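Chemist: Pasting a structure here, questions to come.
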Amino acid sequence: MERILVIMASSALGTLFFFWFSHSVKKKASVRRFVESHLWLMHPNAICYWRTALAFLGFFLYFFSSYQSLSIFIFTFAAILDGVDGVVARGCNLVSRWGEWLDPLCDKLTYLPTMIGFAYIGILSPRLVWILVVIELVGQFFARRILAWLKVSGAANNFGKIKSIICFALVILCALMDANPGMLNIADGVLGACIVLSAASMIFKFVPNRLYADILSMLNFMCGVTSLILTYHHCYAWAICVIIMGQLFDLFDGRMALKHGGTKYGPWLDDIADFVSFGLAPAYMVIIRGGTFALVFALIYVVGVAYRLVRFVTKDKGRTDLPAGIFNGFPSPAGALIVLGASLVSGPMLLWAFTAISTALMVSHIRFAHFGRVILKQIPKPIFFLISAATIVVFAYILKTKNIQMFGYLILASVGFYLAAGRLWVQKISVPGTPG
């Protein structure tokens, strides 16, 4: 209990400090002048040095002294300082090539030594920890050197930022597990996610920007095919996790196409991937788990998804009365979640009902705000990264406990949130006088 209180207190203080400091740097010229006159202390690179020193202090206090609560407080605060250097760099125009290289190095020096320590007291898998260490070091000292030679920025991408947050959270989780040996061990599952994100962060730095959208669409398509295979083998929770991964890829492929451009095959690849991941894969889940009339409802659902996608491409994209960022009808990824969540928590008849409701919402003319282009933009980036990291930790817990009903209720709750938020934002941004 003591460690939980220490973690809560240090997280609250650190978060309050972060938001106060971020607001002050953006809004108050006096704070920016103070930073500029105390660069030895407040320069982004100096903050990197300070937080790395704090992390090493926390490491030695935890593993070589009895001041473990103080160690946790220091480490948690050092982890939160990871966001402060970026705020100073952008707010005071102190971004530099050296800083782009130093910031991720200091991240690694903050969490990797502590992970190694927890591996050798039996909480983390040493093999997995050393795999992460190798990937991180290759990315830092070899990949970034090649990127510098190619004159390409080595700044952290979203994969790397989410990975860092999860690594910091994993260290805190290990400290809790160390104090409570009977606690459910999901650490290696979370560590596996860190390894995947670290590899993705490194690989995507070498990919030309205009290929981002197509690669994400292809990954979405592969998720759909993988989900079909997992469903055939009755691995339902894993099949749904893979579809959710596909939805994350789908969330960003359109944004990457708008930001960096794409290829002429991009729109076709996106539609095919959406049909497989959000049409065929959920429909097959209905067939497997839906009982006698499952095939009928699965066919109705597939036709609804196909109609929704065709209508979007042929009509909705060209409409001038449809505000930017507004869907005409429920988006197919959200419709898939209704079906997938219901397949885990309900019997055949309720599953048929949820499938019919999902299909009706998709083919309707009820408007919903785009989650990625509208709702997500209203969420501050640090909060978004925290939510992403927390989601991965929750998935690790559910997969470890194999509580698929909890998983199903969580999915349906997330769809309920989107239903409310999507309609709320329509009312805010719809053109006056048009139907909502």
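Please note that chains go A, B, ... in the order of the structure tokens, that every chain numbers its residues from 1, and that ligands are numbered from 1 in the order shown.
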Counting only C-alpha atoms, which residues of region 145-197 of chain A sit at most 12 Å from some atom of region 120-134 of chain A, and what is each one's closest atom pair with its distance in Å to one decimal, listed by chain and rising residue number, as JSON lines?
Modeler:
```
{"residue": "A:Lys163", "atom": "CA", "partner": "A:Leu132", "partner_atom": "CA", "distance": 10.9}
{"residue": "A:Ser164", "atom": "CA", "partner": "A:Leu132", "partner_atom": "CA", "distance": 11.8}
{"residue": "A:Cys167", "atom": "CA", "partner": "A:Leu132", "partner_atom": "CA", "distance": 10.3}
{"residue": "A:Leu170", "atom": "CA", "partner": "A:Leu124", "partner_atom": "CA", "distance": 9.8}
{"residue": "A:Val171", "atom": "CA", "partner": "A:Leu124", "partner_atom": "CA", "distance": 9.9}
{"residue": "A:Ile172", "atom": "CA", "partner": "A:Ile123", "partner_atom": "CA", "distance": 12.0}
{"residue": "A:Leu173", "atom": "CA", "partner": "A:Ile123", "partner_atom": "CA", "distance": 10.0}
{"residue": "A:Cys174", "atom": "CA", "partner": "A:Ile123", "partner_atom": "CA", "distance": 6.7}
{"residue": "A:Ala175", "atom": "CA", "partner": "A:Ile123", "partner_atom": "CA", "distance": 9.2}
{"residue": "A:Leu176", "atom": "CA", "partner": "A:Ile123", "partner_atom": "CA", "distance": 10.5}
{"residue": "A:Met177", "atom": "CA", "partner": "A:Ile123", "partner_atom": "CA", "distance": 7.5}
{"residue": "A:Asp178", "atom": "CA", "partner": "A:Ile123", "partner_atom": "CA", "distance": 7.2}
{"residue": "A:Ala179", "atom": "CA", "partner": "A:Ile123", "partner_atom": "CA", "distance": 11.0}
{"residue": "A:Asn180", "atom": "CA", "partner": "A:Ile123", "partner_atom": "CA", "distance": 11.2}
{"residue": "A:Pro181", "atom": "CA", "partner": "A:Ile123", "partner_atom": "CA", "distance": 9.3}
{"residue": "A:Gly182", "atom": "CA", "partner": "A:Ile123", "partner_atom": "CA", "distance": 11.7}
{"residue": "A:Met183", "atom": "CA", "partner": "A:Ile123", "partner_atom": "CA", "distance": 11.0}
{"residue": "A:Leu184", "atom": "CA", "partner": "A:Ile123", "partner_atom": "CA", "distance": 11.1}
{"residue": "A:Asn185", "atom": "CA", "partner": "A:Ile123", "partner_atom": "CA", "distance": 8.0}
{"residue": "A:Ile186", "atom": "CA", "partner": "A:Leu124", "partner_atom": "CA", "distance": 9.5}
{"residue": "A:Ala187", "atom": "CA", "partner": "A:Leu124", "partner_atom": "CA", "distance": 6.4}
{"residue": "A:Asp188", "atom": "CA", "partner": "A:Leu124", "partner_atom": "CA", "distance": 6.0}
{"residue": "A:Gly189", "atom": "CA", "partner": "A:Leu124", "partner_atom": "CA", "distance": 9.8}
{"residue": "A:Val190", "atom": "CA", "partner": "A:Leu124", "partner_atom": "CA", "distance": 10.1}
{"residue": "A:Leu191", "atom": "CA", "partner": "A:Leu128", "partner_atom": "CA", "distance": 7.2}
{"residue": "A:Gly192", "atom": "CA", "partner": "A:Leu128", "partner_atom": "CA", "distance": 7.2}
{"residue": "A:Ala193", "atom": "CA", "partner": "A:Leu132", "partner_atom": "CA", "distance": 10.2}
{"residue": "A:Cys194", "atom": "CA", "partner": "A:Leu132", "partner_atom": "CA", "distance": 7.5}
{"residue": "A:Ile195", "atom": "CA", "partner": "A:Leu132", "partner_atom": "CA", "distance": 5.4}
{"residue": "A:Val196", "atom": "CA", "partner": "A:Leu132", "partner_atom": "CA", "distance": 9.0}
{"residue": "A:Leu197", "atom": "CA", "partner": "A:Leu132", "partner_atom": "CA", "distance": 10.0}
```
Chemist: Output C-alpha atoms of each residue in that selection to a file, as a PDB file, in the first residue's frame.
Modeler:
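File out.pdb, as written:
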```pdb
ATOM      1  CA  LYS A 163       7.246   2.734 -26.181  1.00  0.00           C
ATOM      2  CA  SER A 164       9.081   5.062 -23.785  1.00  0.00           C
ATOM      3  CA  CYS A 167       8.848   1.281 -20.451  1.00  0.00           C
ATOM      4  CA  LEU A 170       6.748  -1.129 -16.682  1.00  0.00           C
ATOM      5  CA  VAL A 171       9.490  -0.116 -14.247  1.00  0.00           C
ATOM      6  CA  ILE A 172       6.864   1.190 -11.800  1.00  0.00           C
ATOM      7  CA  LEU A 173       4.826  -2.002 -12.280  1.00  0.00           C
ATOM      8  CA  CYS A 174       7.892  -4.104 -11.488  1.00  0.00           C
ATOM      9  CA  ALA A 175       8.419  -2.132  -8.273  1.00  0.00           C
ATOM     10  CA  LEU A 176       4.824  -2.926  -7.252  1.00  0.00           C
ATOM     11  CA  MET A 177       5.291  -6.607  -8.090  1.00  0.00           C
ATOM     12  CA  ASP A 178       8.533  -6.691  -6.111  1.00  0.00           C
ATOM     13  CA  ALA A 179       6.642  -5.524  -3.008  1.00  0.00           C
ATOM     14  CA  ASN A 180       3.654  -7.838  -3.694  1.00  0.00           C
ATOM     15  CA  PRO A 181       4.934 -11.255  -4.845  1.00  0.00           C
ATOM     16  CA  GLY A 182       1.399 -12.609  -5.203  1.00  0.00           C
ATOM     17  CA  MET A 183       0.453  -9.928  -7.736  1.00  0.00           C
ATOM     18  CA  LEU A 184      -0.461 -11.133 -11.246  1.00  0.00           C
ATOM     19  CA  ASN A 185       2.693 -10.997 -13.399  1.00  0.00           C
ATOM     20  CA  ILE A 186       1.937  -9.308 -16.725  1.00  0.00           C
ATOM     21  CA  ALA A 187       5.387  -7.740 -16.944  1.00  0.00           C
ATOM     22  CA  ASP A 188       6.735  -9.950 -19.736  1.00  0.00           C
ATOM     23  CA  GLY A 189       3.631  -9.308 -21.863  1.00  0.00           C
ATOM     24  CA  VAL A 190       4.116  -5.571 -21.507  1.00  0.00           C
ATOM     25  CA  LEU A 191       7.835  -5.982 -22.203  1.00  0.00           C
ATOM     26  CA  GLY A 192       6.985  -7.830 -25.430  1.00  0.00           C
ATOM     27  CA  ALA A 193       4.916  -4.822 -26.539  1.00  0.00           C
ATOM     28  CA  CYS A 194       7.915  -2.575 -25.807  1.00  0.00           C
ATOM     29  CA  ILE A 195      10.115  -4.756 -28.039  1.00  0.00           C
ATOM     30  CA  VAL A 196       7.634  -4.587 -30.935  1.00  0.00           C
ATOM     31  CA  LEU A 197       7.223  -0.810 -30.617  1.00  0.00           C
TER      32      LEU A 197
END
```
Chemist: List every residue of region 65-177 of chain A that has an atom at most 10 Å from any atom of region 18-26 of chain A, and for each one report the closest atom pair and its distance in Å to one decimal, counting only C-alpha atoms, with rows sorted by chain and then by increasing residue number, as JSON lines.
Modeler:
```
{"residue": "A:Phe77", "atom": "CA", "partner": "A:Phe18", "partner_atom": "CA", "distance": 9.9}
{"residue": "A:Ile80", "atom": "CA", "partner": "A:Phe18", "partner_atom": "CA", "distance": 7.3}
{"residue": "A:Leu81", "atom": "CA", "partner": "A:Phe18", "partner_atom": "CA", "distance": 7.5}
{"residue": "A:Asp82", "atom": "CA", "partner": "A:Phe18", "partner_atom": "CA", "distance": 9.7}
{"residue": "A:Gly83", "atom": "CA", "partner": "A:Phe18", "partner_atom": "CA", "distance": 7.4}
{"residue": "A:Val84", "atom": "CA", "partner": "A:Phe18", "partner_atom": "CA", "distance": 6.4}
{"residue": "A:Gly86", "atom": "CA", "partner": "A:Ser22", "partner_atom": "CA", "distance": 9.6}
{"residue": "A:Val87", "atom": "CA", "partner": "A:Ser22", "partner_atom": "CA", "distance": 6.1}
{"residue": "A:Val88", "atom": "CA", "partner": "A:Val25", "partner_atom": "CA", "distance": 7.0}
{"residue": "A:Arg90", "atom": "CA", "partner": "A:Lys26", "partner_atom": "CA", "distance": 9.2}
{"residue": "A:Gly91", "atom": "CA", "partner": "A:Lys26", "partner_atom": "CA", "distance": 6.0}
{"residue": "A:Cys92", "atom": "CA", "partner": "A:Val25", "partner_atom": "CA", "distance": 7.7}
```
Chemist: I want to know what sits within 8 Å of Tyr284 (chain A), based on only C-alpha atoms, with residues of the same chain fewer than 3 positions away left out; could you give that as a list in words?
Modeler: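 My reading of the contact set: Leu228, Thr231, Leu280, Ala281, Ile287, Ile288 and Ala298 of chain A.
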Chemist: Save out the residues we just selected, C-alpha atoms, as an mmCIF file, in the first residue's frame.
Modeler:
```cif
data_model
loop_
_atom_site.group_PDB
_atom_site.id
_atom_site.type_symbol
_atom_site.label_atom_id
_atom_site.label_comp_id
_atom_site.auth_asym_id
_atom_site.auth_seq_id
_atom_site.Cartn_x
_atom_site.Cartn_y
_atom_site.Cartn_z
ATOM 1 C CA LEU A 228 -9.537 -14.902 -39.740
ATOM 2 C CA THR A 231 -10.813 -17.239 -35.303
ATOM 3 C CA LEU A 280 -14.993 -10.332 -43.308
ATOM 4 C CA ALA A 281 -13.182 -10.905 -39.982
ATOM 5 C CA ILE A 287 -20.544 -17.419 -38.064
ATOM 6 C CA ILE A 288 -18.361 -19.280 -35.554
ATOM 7 C CA ALA A 298 -23.049 -12.467 -41.106
#
```
Chemist: Find the spatial neighbours of Thr292 (chain A), counting only C-alpha atoms, within a cut-off of 12 Å - ignore same-chain residues fewer than 5 positions away - and output them as a count of residues only.
Modeler: 9
Chemist: Pick from A:Ile398, A:Cys241, A:Leu344, A:Val363: nearest to Phe327 (chain A), with only C-alpha atoms counted?
Modeler: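 Under the stated criterion, the closest residue is A:Val363.
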Chemist: Please give the complete set of residues from region 259-433 of chain A that DSSP, run on the backbone, assigns to strand (DSSP E), formatted as a list in words.
Modeler: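 Taking region 259-433 of chain A and keeping strand (DSSP E) only, one gets Ile326, Phe327, Asn328, Arg367, Phe368 and Ala369 of chain A.
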Chemist: Residues near Glu136 (chain A), anyone? I mean within 9 Å using only C-alpha atoms, not counting same-chain ones fewer than 5 positions away, as a CSV table (one decimal) with N, CA and C atoms, in the first residue's frame.
Modeler:
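File written: selection-v8.csv
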```csv
chain,number,residue,atom,x,y,z
A,105,LEU,N,18.5,8.8,-26.2
A,105,LEU,CA,19.5,8.2,-25.4
A,105,LEU,C,19.3,8.3,-23.9
A,108,LYS,N,16.6,5.9,-22.8
A,108,LYS,CA,17.1,4.5,-22.6
A,108,LYS,C,17.9,4.4,-21.4
A,131,ILE,N,17.0,-8.6,-25.3
A,131,ILE,CA,16.5,-8.3,-26.7
A,131,ILE,C,16.1,-6.9,-26.9
A,141,PHE,N,22.7,3.8,-31.8
A,141,PHE,CA,24.1,4.1,-32.2
A,141,PHE,C,24.4,3.7,-33.7
A,195,ILE,N,9.2,-4.3,-27.0
A,195,ILE,CA,10.1,-4.8,-28.0
A,195,ILE,C,9.6,-4.5,-29.4
A,198,SER,N,9.6,-0.7,-30.2
A,198,SER,CA,11.0,-0.3,-30.4
A,198,SER,C,11.5,-0.6,-31.8
A,199,ALA,N,11.2,-1.8,-32.2
A,199,ALA,CA,11.6,-2.3,-33.6
A,199,ALA,C,10.8,-1.4,-34.6
A,202,MET,N,12.3,2.1,-35.0
A,202,MET,CA,13.5,2.1,-35.8
A,202,MET,C,13.3,1.9,-37.2
```
Chemist: Between CA of Ser10 (chain A) and CA of Tyr111 (chain A), what is the distance in Å, rounded to a tenth?
Modeler: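 CA of Tyr111 (chain A) lies 16.8 Å from CA of Ser10 (chain A).
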Chemist: Which value, in Å to one decimal, gives the distance between CA of Ser332 (chain A) and CA of Phe312 (chain A)?
Modeler: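 The value is 10.7 Å.
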Chemist: If you count only C-alpha atoms, which residues fall within 10 Å of Val310 (chain A), apart from same-chain ones fewer than 6 positions away, as a PyMOL selection string?
Modeler: chain A and resi 271+304+316
Chemist: Please return as a PyMOL selection string: the residues of region 158-357 of chain A that backbone DSSP assigns to alpha helix (DSSP H).
Modeler: chain A and resi 158-179+187-204+212-232+236-260+266-275+281-289+294-314+332-345+348-357
Chemist: Which of these, A:Thr52, A:Gln405, A:Gln378, A:Gln427, has the shortest distance to Ser346 (chain A) once you count only C-alpha atoms?
Modeler: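 Of A:Thr52, A:Gln405, A:Gln378, A:Gln427, the one nearest Ser346 (chain A) is A:Gln405, counting only C-alpha atoms.
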